[in-house]
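Below: one structure, written as structure tokens.
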Protein chains: 2
Amino acid sequence: MQQQFRVGMVGLGTVGAGVARILTRHGDRVGRRAGRSIDLKWVVVRDLKKPRDVDFEGVRIVDDVRRVIDDPEIDVVVELIGGVDTARWIVLEALAAGKHVVTANKALLAEHGPEVFAAARKADRAVAFEAAVAGGVPIIGAIDVGLAANQIQSLAAILNGTCNYILTQMTQDGLAYDRALADAQALGYAEADPTLDVDGTDTAHKLAVLAQIAFGADVRAADVPRQGIDRLEIADINYARELGYAVKLLAHAKIGDGGLELRVGPSLVKRDLPLAQVHGAYNAVRIVGDAVGDVLFQGRGAGMAPTASAVVADLIDVATGRAAITARVLDRWSTDSPPIPLLPASQGRRRNYLRFSIADRPGVVAALATILGDRGISIASVIQHEPAPADEDGAPGPVPLVIMTHLAVERDLRAAVAEIDRLDVVRAPSVRLGVEE
Amino acid sequence: MQQQFRVGMVGLGTVGAGVARILTRHGDRVGRRAGRSIDLKWVVVRDLKKPRDVDFEGVRIVDDVRRVIDDPEIDVVVELIGGVDTARWIVLEALAAGKHVVTANKALLAEHGPEVFAAARKADRAVAFEAAVAGGVPIIGAIDVGLAANQIQSLAAILNGTCNYILTQMTQDGLAYDRALADAQALGYAEADPTLDVDGTDTAHKLAVLAQIAFGADVRAADVPRQGIDRLEIADINYARELGYAVKLLAHAKIGDGGLELRVGPSLVKRDLPLAQVHGAYNAVRIVGDAVGDVLFQGRGAGMAPTASAVVADLIDVATGRAAITARVLDRWSTDSPPIPLLPASQGRRRNYLRFSIADRPGVVAALATILGDRGISIASVIQHEPAPADEDGAPGPVPLVIMTHLAVERDLRAAVAEIDRLDVVRAPSVRLGVEE
């Protein structure tokens, strides 16, 4: 048995409490799987006076992170404070002091991946981050090790449990977005300020990390075209259902001749595909590899225990020495090998769901179809329902016209939609969603 | 860059050809992920004259396995011949000669796990076997590393693609078992002699391996109570559907106070659960861990490229040195720690689906319900349909009576069913299937 492995943890929110709980209550099990005892020595908190629901026998709680970084006995620093600036400083200082780092911080990696991993290389230390994407689902390890024989060709993932919970409520109970969000907040599935979840930023951070792991791409979250669920209307969920699709907030990556295509947005997924069956606060990642074909990983994407499961798995991986090997071999965000180029968003190709609000007049559908056809956009199916009731003045209501396209180049589609939206028979801005193949 | 890593592969069937293809065509990619070049030096085949659809430039093809085992340059032996006796000899000889071993052989591990891993320990070499269970789905690594922080509480898995394909055909197209099997054979999803697949043996082998990995249990396949799909009637699939369930051949493991409960058999799975949505030749493993909650892994369970994906992942894991660490730390089938006891099958508890063929006479249903009730078996739901048409003599046909029980102890259920089957109003042996919670 090797000597004990000492942990300093920074941050004691939900996930931190979960990690402390596993390490203190299940130390035997964790030690057996690491081949050595893993001991939580320090926990750094902001407010020492706050009451804590964890048994901290033998753990020193402090409010000064330097106590951890300067302690030569500490082998690994677990960064769980979130945010970018302070976390970045802590991680860089820990590496410079010769500590390994375990982090759940997707924003940090998405924004400062190259800097963090350059520092790790310089220090010959590992940065492990299984918890940064899809919570308890061991997707990073699966890509790094289990699927290592593959060229990954595409990836489609539900990476934000808050959004998936809201979309599930909208779909199953017919709730409008605002009601579903309020429900999610009441149940603790959404934060008081849910902006970063519902506008797609969190998903874009995670996709930026996955793009490095799966494709070697060097991407900032800002490079990922994204659309949130915050302006999604129940009408579109209902039309999608009528067409045989569920609407999911998907992170999408696909490698093609022109480079790597990335995007985040609400997308239509055929109802019988596994991703369409992922309900509530779950996450799921579907990967297509050239050898393995399609594989799906599904589980809880957030919450105390699932995320702690991933953090402690990383601690075990670091304590055994495996994580250092992986870090050395895979050489993340390395400048040695040129990163795969990103396909400009305008050159992406996908199927589209379009909803127009048009005047109930002869010739309008033909006019729209002509504009699409002139740009080479081919129509796969159409739904046109009865007109909405006339308004108070007796003017005829707008008619919803839903069009599913075949594969179309984004630039052409944008141009066509812009041209259609300028027609005077179009009564409201069009709605556009992607369709996952 | 470390020195090259040299592979001797024994067996060149479907999977072997897939492994050779990845190593020879994608050597750069594999080498980059291993941190060193992985070179296929020897391939051992039975018949040197058979034509091969693989480019073997630089590979020596021989029919004598000793050439590989005695070659001091060889770092790892890949065993892909299947079967138990010869495979066992090759693996033990390879370990004794100081080679690591990669194998896809679940039967070997299920029957001789303790001997193989004792030899590996003695030789301080790794035996890697990601391909032995669920083909390309990286489930062994997920349990060993990704979920290492968890006490796994239960596992339910679809591990035989042939059976799942047949069940899918029976369910979706209403085919009888024999027709669905013939279709599967015509499409190459079932072998000419499908016995080991359809009688549950293959699934029991894989469950025995998973029971060691997930629970530290020392189990032979013969210890696993099992039932195949070969006597499954379409009537039961239809009744299950009526009750809201799909029928799947499940490997089931659950840890409880009395020990580890294992079984293999056709089971009813609620239609909206992810396992019920696994169609065709796919495999899936659902795991519940005390921290992570439930996670699902799904993908292709067999076939050339998916299984080769797992074998090459193991080669990379061995070449980097990670596999040796995992082997040392996890100490499989070790005699040091006492294995978890198995719960005797008679003490298992599950919900049951029962179908009786009874005479259409007053009082029969009450008699059956009384026998069940007397054994403490509680009825959750009942379906009784119209009687079958009268036979040629005008005698009334038997009535199918379907009963879903609540949780029941296996011993009580067996006794009750035996008692019922002895009643003279019962016209055919009863049918019994498990229900997955």
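Residues in the structure tokens are named by chain (A, B, ... in the order shown) and by number from 1 within that chain; ligands are numbered from 1 in the order shown.
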
- Message: as a PyMOL selection string, please: the residues near range 278-290 of chain B (cut-off 7 Å, only C-alpha atoms, same-chain neighbours under 3 positions excluded).
- Response: chain B and resi 134+150-162+164-165+168+274-275+293-301

Pick out the residues sitting within 12 Å of range 199-204 of chain A, and hand them over as an mmCIF file with N, CA, C and O atoms, in the first residue's frame; count only C-alpha atoms, and ignore anything fewer than 5 positions along from it in its own chain.
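And here is the file that came out, part_8.cif:
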data_model
loop_
_atom_site.group_PDB
_atom_site.id
_atom_site.type_symbol
_atom_site.label_atom_id
_atom_site.label_comp_id
_atom_site.auth_asym_id
_atom_site.auth_seq_id
_atom_site.Cartn_x
_atom_site.Cartn_y
_atom_site.Cartn_z
ATOM 1 N N GLY A 82 -16.454 27.219 -8.750
ATOM 2 C CA GLY A 82 -17.137 27.715 -9.939
ATOM 3 C C GLY A 82 -16.662 29.104 -10.295
ATOM 4 O O GLY A 82 -15.714 29.631 -9.671
ATOM 5 N N GLY A 83 -17.281 29.698 -11.310
ATOM 6 C CA GLY A 83 -16.824 30.998 -11.796
ATOM 7 C C GLY A 83 -15.485 30.840 -12.485
ATOM 8 O O GLY A 83 -14.924 29.748 -12.517
ATOM 9 N N ASN A 105 -15.198 22.524 -13.108
ATOM 10 C CA ASN A 105 -15.468 23.861 -13.631
ATOM 11 C C ASN A 105 -15.380 23.925 -15.157
ATOM 12 O O ASN A 105 -14.323 24.176 -15.730
ATOM 13 N N LYS A 106 -16.530 23.711 -15.822
ATOM 14 C CA LYS A 106 -16.533 23.743 -17.293
ATOM 15 C C LYS A 106 -16.245 25.134 -17.827
ATOM 16 O O LYS A 106 -15.628 25.278 -18.878
ATOM 17 N N ALA A 107 -16.720 26.176 -17.125
ATOM 18 C CA ALA A 107 -16.496 27.537 -17.618
ATOM 19 C C ALA A 107 -14.997 27.838 -17.640
ATOM 20 O O ALA A 107 -14.465 28.384 -18.615
ATOM 21 N N LEU A 108 -14.313 27.434 -16.594
ATOM 22 C CA LEU A 108 -12.860 27.652 -16.523
ATOM 23 C C LEU A 108 -12.157 26.965 -17.697
ATOM 24 O O LEU A 108 -11.322 27.565 -18.382
ATOM 25 N N LEU A 109 -12.499 25.685 -17.925
ATOM 26 C CA LEU A 109 -11.824 24.948 -18.987
ATOM 27 C C LEU A 109 -12.199 25.495 -20.364
ATOM 28 O O LEU A 109 -11.359 25.572 -21.259
ATOM 29 N N ALA A 110 -13.476 25.876 -20.500
ATOM 30 C CA ALA A 110 -13.917 26.380 -21.806
ATOM 31 C C ALA A 110 -13.247 27.712 -22.122
ATOM 32 O O ALA A 110 -12.948 28.009 -23.270
ATOM 33 N N GLU A 111 -13.001 28.528 -21.087
ATOM 34 C CA GLU A 111 -12.393 29.843 -21.336
ATOM 35 C C GLU A 111 -10.871 29.813 -21.305
ATOM 36 O O GLU A 111 -10.226 30.551 -22.030
ATOM 37 N N ALA A 132 -16.952 17.958 -14.900
ATOM 38 C CA ALA A 132 -17.267 19.217 -15.589
ATOM 39 C C ALA A 132 -18.359 19.055 -16.643
ATOM 40 O O ALA A 132 -19.021 20.015 -17.006
ATOM 41 N N VAL A 133 -18.545 17.846 -17.136
ATOM 42 C CA VAL A 133 -19.524 17.598 -18.198
ATOM 43 C C VAL A 133 -20.409 16.409 -17.817
ATOM 44 O O VAL A 133 -19.906 15.338 -17.488
ATOM 45 N N ALA A 134 -21.716 16.616 -17.842
ATOM 46 C CA ALA A 134 -22.685 15.539 -17.648
ATOM 47 C C ALA A 134 -22.606 14.887 -16.261
ATOM 48 O O ALA A 134 -22.949 13.712 -16.108
ATOM 49 N N ALA A 156 -23.938 14.244 -30.070
ATOM 50 C CA ALA A 156 -25.143 15.031 -29.811
ATOM 51 C C ALA A 156 -25.495 14.790 -28.354
ATOM 52 O O ALA A 156 -25.524 13.641 -27.911
ATOM 53 N N ALA A 157 -25.732 15.855 -27.600
ATOM 54 C CA ALA A 157 -25.828 15.655 -26.164
ATOM 55 C C ALA A 157 -26.802 16.610 -25.515
ATOM 56 O O ALA A 157 -26.951 17.760 -25.933
ATOM 57 N N ILE A 158 -27.464 16.088 -24.497
ATOM 58 C CA ILE A 158 -28.284 16.884 -23.592
ATOM 59 C C ILE A 158 -27.415 17.116 -22.364
ATOM 60 O O ILE A 158 -27.124 16.174 -21.621
ATOM 61 N N LEU A 159 -26.959 18.345 -22.156
ATOM 62 C CA LEU A 159 -25.941 18.582 -21.134
ATOM 63 C C LEU A 159 -26.422 19.505 -20.022
ATOM 64 O O LEU A 159 -25.654 19.809 -19.109
ATOM 65 N N ASN A 160 -27.650 19.966 -20.103
ATOM 66 C CA ASN A 160 -28.154 20.853 -19.058
ATOM 67 C C ASN A 160 -29.467 20.313 -18.513
ATOM 68 O O ASN A 160 -30.495 20.345 -19.184
ATOM 69 N N GLY A 161 -29.397 19.806 -17.287
ATOM 70 C CA GLY A 161 -30.563 19.176 -16.677
ATOM 71 C C GLY A 161 -31.705 20.145 -16.437
ATOM 72 O O GLY A 161 -32.879 19.774 -16.546
ATOM 73 N N THR A 162 -31.373 21.400 -16.123
ATOM 74 C CA THR A 162 -32.411 22.405 -15.910
ATOM 75 C C THR A 162 -33.257 22.567 -17.170
ATOM 76 O O THR A 162 -34.489 22.527 -17.124
ATOM 77 N N CYS A 163 -32.577 22.735 -18.291
ATOM 78 C CA CYS A 163 -33.308 22.916 -19.551
ATOM 79 C C CYS A 163 -34.096 21.662 -19.899
ATOM 80 O O CYS A 163 -35.231 21.755 -20.370
ATOM 81 N N ASN A 164 -33.498 20.496 -19.679
ATOM 82 C CA ASN A 164 -34.221 19.280 -20.055
ATOM 83 C C ASN A 164 -35.440 19.080 -19.172
ATOM 84 O O ASN A 164 -36.478 18.608 -19.626
ATOM 85 N N ASP A 193 -31.460 32.821 -10.546
ATOM 86 C CA ASP A 193 -31.130 33.431 -11.832
ATOM 87 C C ASP A 193 -30.688 32.312 -12.783
ATOM 88 O O ASP A 193 -29.547 31.865 -12.743
ATOM 89 N N PRO A 194 -31.585 31.863 -13.632
ATOM 90 C CA PRO A 194 -31.276 30.701 -14.475
ATOM 91 C C PRO A 194 -30.625 31.059 -15.801
ATOM 92 O O PRO A 194 -30.485 30.191 -16.665
ATOM 93 N N VAL A 209 -15.667 22.022 -24.017
ATOM 94 C CA VAL A 209 -14.791 21.029 -23.377
ATOM 95 C C VAL A 209 -14.838 19.712 -24.156
ATOM 96 O O VAL A 209 -13.800 19.134 -24.500
ATOM 97 N N LEU A 210 -16.044 19.250 -24.479
ATOM 98 C CA LEU A 210 -16.159 17.989 -25.227
ATOM 99 C C LEU A 210 -15.489 18.087 -26.599
ATOM 100 O O LEU A 210 -14.930 17.102 -27.095
ATOM 101 N N ALA A 211 -15.537 19.262 -27.200
ATOM 102 C CA ALA A 211 -14.935 19.418 -28.531
ATOM 103 C C ALA A 211 -13.424 19.203 -28.465
ATOM 104 O O ALA A 211 -12.816 18.661 -29.388
ATOM 105 N N VAL A 219 -11.558 25.505 -28.742
ATOM 106 C CA VAL A 219 -12.765 26.319 -28.893
ATOM 107 C C VAL A 219 -13.044 27.081 -27.609
ATOM 108 O O VAL A 219 -12.920 26.528 -26.520
ATOM 109 N N ARG A 220 -13.436 28.334 -27.744
ATOM 110 C CA ARG A 220 -14.009 29.052 -26.611
ATOM 111 C C ARG A 220 -15.528 28.934 -26.744
ATOM 112 O O ARG A 220 -16.053 28.798 -27.850
ATOM 113 N N ALA A 221 -16.211 29.055 -25.606
ATOM 114 C CA ALA A 221 -17.670 28.959 -25.652
ATOM 115 C C ALA A 221 -18.261 30.006 -26.593
ATOM 116 O O ALA A 221 -19.262 29.775 -27.272
ATOM 117 N N ALA A 222 -17.582 31.171 -26.655
ATOM 118 C CA ALA A 222 -18.100 32.245 -27.518
ATOM 119 C C ALA A 222 -18.057 31.862 -28.998
ATOM 120 O O ALA A 222 -18.760 32.457 -29.818
ATOM 121 N N ASP A 223 -17.220 30.875 -29.346
ATOM 122 C CA ASP A 223 -17.145 30.447 -30.749
ATOM 123 C C ASP A 223 -18.299 29.532 -31.142
ATOM 124 O O ASP A 223 -18.438 29.177 -32.310
ATOM 125 N N VAL A 224 -19.069 29.089 -30.163
ATOM 126 C CA VAL A 224 -20.124 28.111 -30.441
ATOM 127 C C VAL A 224 -21.433 28.853 -30.734
ATOM 128 O O VAL A 224 -21.952 29.551 -29.866
ATOM 129 N N PRO A 225 -21.972 28.733 -31.941
ATOM 130 C CA PRO A 225 -23.265 29.365 -32.227
ATOM 131 C C PRO A 225 -24.294 28.797 -31.268
ATOM 132 O O PRO A 225 -24.370 27.575 -31.112
ATOM 133 N N ARG A 226 -25.035 29.662 -30.622
ATOM 134 C CA ARG A 226 -25.971 29.093 -29.659
ATOM 135 C C ARG A 226 -27.275 29.861 -29.548
ATOM 136 O O ARG A 226 -27.364 31.051 -29.790
ATOM 137 N N GLN A 227 -28.279 29.079 -29.150
ATOM 138 C CA GLN A 227 -29.634 29.578 -28.993
ATOM 139 C C GLN A 227 -30.112 28.893 -27.719
ATOM 140 O O GLN A 227 -29.784 27.719 -27.473
ATOM 141 N N GLY A 228 -30.848 29.617 -26.862
ATOM 142 C CA GLY A 228 -31.330 29.016 -25.620
ATOM 143 C C GLY A 228 -32.742 28.507 -25.773
ATOM 144 O O GLY A 228 -33.290 28.471 -26.883
ATOM 145 N N ILE A 229 -33.314 28.136 -24.625
ATOM 146 C CA ILE A 229 -34.717 27.699 -24.668
ATOM 147 C C ILE A 229 -35.627 28.806 -24.161
ATOM 148 O O ILE A 229 -36.845 28.639 -24.078
ATOM 149 N N ASP A 230 -35.032 29.973 -23.814
ATOM 150 C CA ASP A 230 -35.794 30.986 -23.096
ATOM 151 C C ASP A 230 -36.834 31.692 -23.962
ATOM 152 O O ASP A 230 -37.690 32.397 -23.443
ATOM 153 N N ARG A 231 -36.731 31.504 -25.272
ATOM 154 C CA ARG A 231 -37.775 32.118 -26.100
ATOM 155 C C ARG A 231 -38.581 31.058 -26.856
ATOM 156 O O ARG A 231 -39.269 31.352 -27.811
ATOM 157 N N LEU A 232 -38.460 29.839 -26.366
ATOM 158 C CA LEU A 232 -39.167 28.741 -27.027
ATOM 159 C C LEU A 232 -40.656 28.805 -26.702
ATOM 160 O O LEU A 232 -41.050 28.970 -25.550
ATOM 161 N N LYS A 248 -35.403 19.132 -27.793
ATOM 162 C CA LYS A 248 -34.384 19.026 -26.754
ATOM 163 C C LYS A 248 -33.349 20.122 -26.959
ATOM 164 O O LYS A 248 -33.061 20.483 -28.114
ATOM 165 N N LEU A 249 -32.785 20.630 -25.874
ATOM 166 C CA LEU A 249 -31.654 21.550 -26.025
ATOM 167 C C LEU A 249 -30.410 20.691 -26.263
ATOM 168 O O LEU A 249 -29.916 20.026 -25.344
ATOM 169 N N LEU A 250 -29.924 20.692 -27.490
ATOM 170 C CA LEU A 250 -28.810 19.809 -27.849
ATOM 171 C C LEU A 250 -27.515 20.576 -28.058
ATOM 172 O O LEU A 250 -27.506 21.667 -28.639
ATOM 173 N N ALA A 251 -26.437 19.947 -27.595
ATOM 174 C CA ALA A 251 -25.104 20.321 -28.025
ATOM 175 C C ALA A 251 -24.765 19.377 -29.164
ATOM 176 O O ALA A 251 -24.932 18.162 -29.040
ATOM 177 N N HIS A 252 -24.295 19.941 -30.246
ATOM 178 C CA HIS A 252 -24.102 19.146 -31.447
ATOM 179 C C HIS A 252 -22.704 19.400 -31.987
ATOM 180 O O HIS A 252 -22.260 20.543 -32.082
ATOM 181 N N ALA A 253 -22.011 18.337 -32.336
ATOM 182 C CA ALA A 253 -20.695 18.470 -32.969
ATOM 183 C C ALA A 253 -20.590 17.414 -34.049
ATOM 184 O O ALA A 253 -20.989 16.270 -33.837
ATOM 185 N N LEU A 262 -20.080 22.971 -34.909
ATOM 186 C CA LEU A 262 -20.552 22.983 -33.522
ATOM 187 C C LEU A 262 -21.783 23.867 -33.425
ATOM 188 O O LEU A 262 -21.856 24.910 -34.084
ATOM 189 N N ARG A 263 -22.734 23.476 -32.592
ATOM 190 C CA ARG A 263 -23.819 24.398 -32.272
ATOM 191 C C ARG A 263 -24.574 23.915 -31.044
ATOM 192 O O ARG A 263 -24.553 22.732 -30.700
ATOM 193 N N VAL A 264 -25.247 24.871 -30.419
ATOM 194 C CA VAL A 264 -26.101 24.586 -29.264
ATOM 195 C C VAL A 264 -27.450 25.231 -29.546
ATOM 196 O O VAL A 264 -27.500 26.399 -29.914
ATOM 197 N N GLY A 265 -28.500 24.467 -29.387
ATOM 198 C CA GLY A 265 -29.818 25.063 -29.582
ATOM 199 C C GLY A 265 -30.920 24.049 -29.411
ATOM 200 O O GLY A 265 -30.668 22.846 -29.416
ATOM 201 N N PRO A 266 -32.154 24.555 -29.250
ATOM 202 C CA PRO A 266 -33.293 23.628 -29.180
ATOM 203 C C PRO A 266 -33.411 22.933 -30.532
ATOM 204 O O PRO A 266 -33.386 23.599 -31.564
ATOM 205 N N ASN A 283 -29.068 13.954 -18.137
ATOM 206 C CA ASN A 283 -28.175 14.295 -19.236
ATOM 207 C C ASN A 283 -27.954 13.049 -20.075
ATOM 208 O O ASN A 283 -28.125 11.935 -19.569
ATOM 209 N N GLY A 301 -27.216 14.668 -14.518
ATOM 210 C CA GLY A 301 -26.206 15.614 -14.946
ATOM 211 C C GLY A 301 -25.802 16.609 -13.894
ATOM 212 O O GLY A 301 -24.871 17.382 -14.074
#

- At most 7 Å to chain A: residues in chain B, only C-alpha atoms, as an NGL selection string: :B and (30 or 33-35 or 136-138 or 141-142 or 145-150 or 291-299 or 305-306 or 309-310 or 312-313 or 317 or 320 or 322 or 325 or 329-330)

- Quick one: everything within 7 Å of range 347-353 of chain A, counting only C-alpha atoms, minus sequence neighbours fewer than 2 positions away in the same chain. Send it as a ChimeraX atom specification. /A:261,343-345,355,403-411,432-435

- Message: Please extract the residues of range 264-421 of chain A with a backbone DSSP assignment of alpha helix (DSSP H) and present them as a ChimeraX atom specification.
- Response: /A:304-320,322-330,364-374,410-421

- Message: Taking 3 positions as the minimum chain separation for residues in the same chain, which residues sit within 9 Å of Leu92 in chain B when counting only C-alpha atoms? Answer as JSON, numbers by chain.
- Response: {"B": [87, 88, 89, 95, 96, 97, 115, 116, 119, 120]}

Selection to disk with all heavy atoms, as a PDB file, in the first residue's frame:
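Saved the output as part16.pdb:
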ATOM      1  N   ALA B  87      -8.171 -21.542 -25.104  1.00  0.00           N
ATOM      2  CA  ALA B  87      -8.003 -20.131 -24.737  1.00  0.00           C
ATOM      3  C   ALA B  87      -7.341 -20.022 -23.354  1.00  0.00           C
ATOM      4  O   ALA B  87      -6.445 -19.204 -23.140  1.00  0.00           O
ATOM      5  CB  ALA B  87      -9.349 -19.417 -24.743  1.00  0.00           C
ATOM      6  N   ARG B  88      -7.784 -20.856 -22.432  1.00  0.00           N
ATOM      7  CA  ARG B  88      -7.219 -20.841 -21.089  1.00  0.00           C
ATOM      8  C   ARG B  88      -5.726 -21.144 -21.131  1.00  0.00           C
ATOM      9  O   ARG B  88      -4.904 -20.456 -20.516  1.00  0.00           O
ATOM     10  CB  ARG B  88      -7.951 -21.886 -20.238  1.00  0.00           C
ATOM     11  CG  ARG B  88      -7.326 -22.147 -18.885  1.00  0.00           C
ATOM     12  CD  ARG B  88      -8.148 -23.149 -18.080  1.00  0.00           C
ATOM     13  NE  ARG B  88      -7.353 -23.697 -16.990  1.00  0.00           N
ATOM     14  CZ  ARG B  88      -6.580 -24.765 -17.112  1.00  0.00           C
ATOM     15  NH1 ARG B  88      -6.500 -25.420 -18.263  1.00  0.00           N
ATOM     16  NH2 ARG B  88      -5.864 -25.173 -16.082  1.00  0.00           N
ATOM     17  N   TRP B  89      -5.360 -22.160 -21.885  1.00  0.00           N
ATOM     18  CA  TRP B  89      -3.960 -22.545 -21.990  1.00  0.00           C
ATOM     19  C   TRP B  89      -3.136 -21.391 -22.571  1.00  0.00           C
ATOM     20  O   TRP B  89      -2.082 -21.036 -22.054  1.00  0.00           O
ATOM     21  CB  TRP B  89      -3.848 -23.810 -22.866  1.00  0.00           C
ATOM     22  CG  TRP B  89      -2.444 -24.264 -23.060  1.00  0.00           C
ATOM     23  CD1 TRP B  89      -1.715 -25.041 -22.219  1.00  0.00           C
ATOM     24  CD2 TRP B  89      -1.578 -23.917 -24.155  1.00  0.00           C
ATOM     25  NE1 TRP B  89      -0.454 -25.214 -22.720  1.00  0.00           N
ATOM     26  CE2 TRP B  89      -0.340 -24.534 -23.907  1.00  0.00           C
ATOM     27  CE3 TRP B  89      -1.735 -23.147 -25.317  1.00  0.00           C
ATOM     28  CZ2 TRP B  89       0.745 -24.415 -24.780  1.00  0.00           C
ATOM     29  CZ3 TRP B  89      -0.656 -23.013 -26.186  1.00  0.00           C
ATOM     30  CH2 TRP B  89       0.565 -23.644 -25.925  1.00  0.00           C
ATOM     31  N   LEU B  95       0.790 -15.268 -19.921  1.00  0.00           N
ATOM     32  CA  LEU B  95       1.107 -14.602 -18.650  1.00  0.00           C
ATOM     33  C   LEU B  95       2.410 -15.148 -18.072  1.00  0.00           C
ATOM     34  O   LEU B  95       3.261 -14.381 -17.613  1.00  0.00           O
ATOM     35  CB  LEU B  95      -0.046 -14.791 -17.658  1.00  0.00           C
ATOM     36  CG  LEU B  95      -1.340 -14.026 -17.990  1.00  0.00           C
ATOM     37  CD1 LEU B  95      -2.493 -14.503 -17.110  1.00  0.00           C
ATOM     38  CD2 LEU B  95      -1.144 -12.515 -17.839  1.00  0.00           C
ATOM     39  N   ALA B  96       2.558 -16.474 -18.116  1.00  0.00           N
ATOM     40  CA  ALA B  96       3.772 -17.088 -17.569  1.00  0.00           C
ATOM     41  C   ALA B  96       5.005 -16.598 -18.318  1.00  0.00           C
ATOM     42  O   ALA B  96       6.095 -16.489 -17.751  1.00  0.00           O
ATOM     43  CB  ALA B  96       3.663 -18.616 -17.632  1.00  0.00           C
ATOM     44  N   ALA B  97       4.821 -16.281 -19.605  1.00  0.00           N
ATOM     45  CA  ALA B  97       5.945 -15.776 -20.402  1.00  0.00           C
ATOM     46  C   ALA B  97       6.129 -14.271 -20.229  1.00  0.00           C
ATOM     47  O   ALA B  97       6.946 -13.662 -20.917  1.00  0.00           O
ATOM     48  CB  ALA B  97       5.723 -16.115 -21.875  1.00  0.00           C
ATOM     49  N   GLU B 115      -8.352 -18.427 -11.598  1.00  0.00           N
ATOM     50  CA  GLU B 115      -7.073 -18.973 -12.046  1.00  0.00           C
ATOM     51  C   GLU B 115      -6.328 -17.982 -12.946  1.00  0.00           C
ATOM     52  O   GLU B 115      -5.118 -17.762 -12.781  1.00  0.00           O
ATOM     53  CB  GLU B 115      -7.335 -20.290 -12.807  1.00  0.00           C
ATOM     54  CG  GLU B 115      -6.052 -20.968 -13.253  1.00  0.00           C
ATOM     55  CD  GLU B 115      -6.346 -22.208 -14.104  1.00  0.00           C
ATOM     56  OE1 GLU B 115      -7.472 -22.329 -14.637  1.00  0.00           O
ATOM     57  OE2 GLU B 115      -5.428 -23.046 -14.234  1.00  0.00           O
ATOM     58  N   VAL B 116      -7.062 -17.371 -13.872  1.00  0.00           N
ATOM     59  CA  VAL B 116      -6.438 -16.438 -14.808  1.00  0.00           C
ATOM     60  C   VAL B 116      -5.862 -15.237 -14.056  1.00  0.00           C
ATOM     61  O   VAL B 116      -4.722 -14.817 -14.300  1.00  0.00           O
ATOM     62  CB  VAL B 116      -7.468 -15.969 -15.875  1.00  0.00           C
ATOM     63  CG1 VAL B 116      -6.963 -14.745 -16.631  1.00  0.00           C
ATOM     64  CG2 VAL B 116      -7.794 -17.116 -16.823  1.00  0.00           C
ATOM     65  N   ALA B 119      -2.794 -16.041 -11.983  1.00  0.00           N
ATOM     66  CA  ALA B 119      -1.608 -16.115 -12.846  1.00  0.00           C
ATOM     67  C   ALA B 119      -1.132 -14.716 -13.220  1.00  0.00           C
ATOM     68  O   ALA B 119       0.077 -14.451 -13.274  1.00  0.00           O
ATOM     69  CB  ALA B 119      -1.936 -16.926 -14.103  1.00  0.00           C
ATOM     70  N   ALA B 120      -2.082 -13.806 -13.458  1.00  0.00           N
ATOM     71  CA  ALA B 120      -1.717 -12.435 -13.813  1.00  0.00           C
ATOM     72  C   ALA B 120      -0.999 -11.751 -12.649  1.00  0.00           C
ATOM     73  O   ALA B 120      -0.009 -11.045 -12.829  1.00  0.00           O
ATOM     74  CB  ALA B 120      -2.962 -11.650 -14.218  1.00  0.00           C
TER      75      ALA B 120
END

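CA of Pro341 in chain A to CA of Phe129 in chain A spans 24.0 Å [interatomic distance, one decimal].
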
- Message: Which residues are close to His100 in chain B, i.e. within 7 Å by only C-alpha atoms, leaving aside same-chain residues fewer than 5 positions away? Reply as a ChimeraX atom specification.
- Response: /B:75-77,95,125-127

- Message: Please compute the CA of Ile81 in chain B-CA of Gly11 in chain B distance, one decimal, in Å.
- Response: 4.8 Å

- Message: Please return, as a PyMOL selection string, all residues of range 170-292 of chain B that DSSP assigns to strand (DSSP E or B) on the basis of the backbone.
- Response: chain B and resi 226+245-256+259-270+282-289

- Can you tell me how far CA of Asp412 in chain B sits from CA of Leu354 in chain B, in Å to one decimal?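 Between CA of Asp412 in chain B and CA of Leu354 in chain B the gap works out to 13.7 Å.
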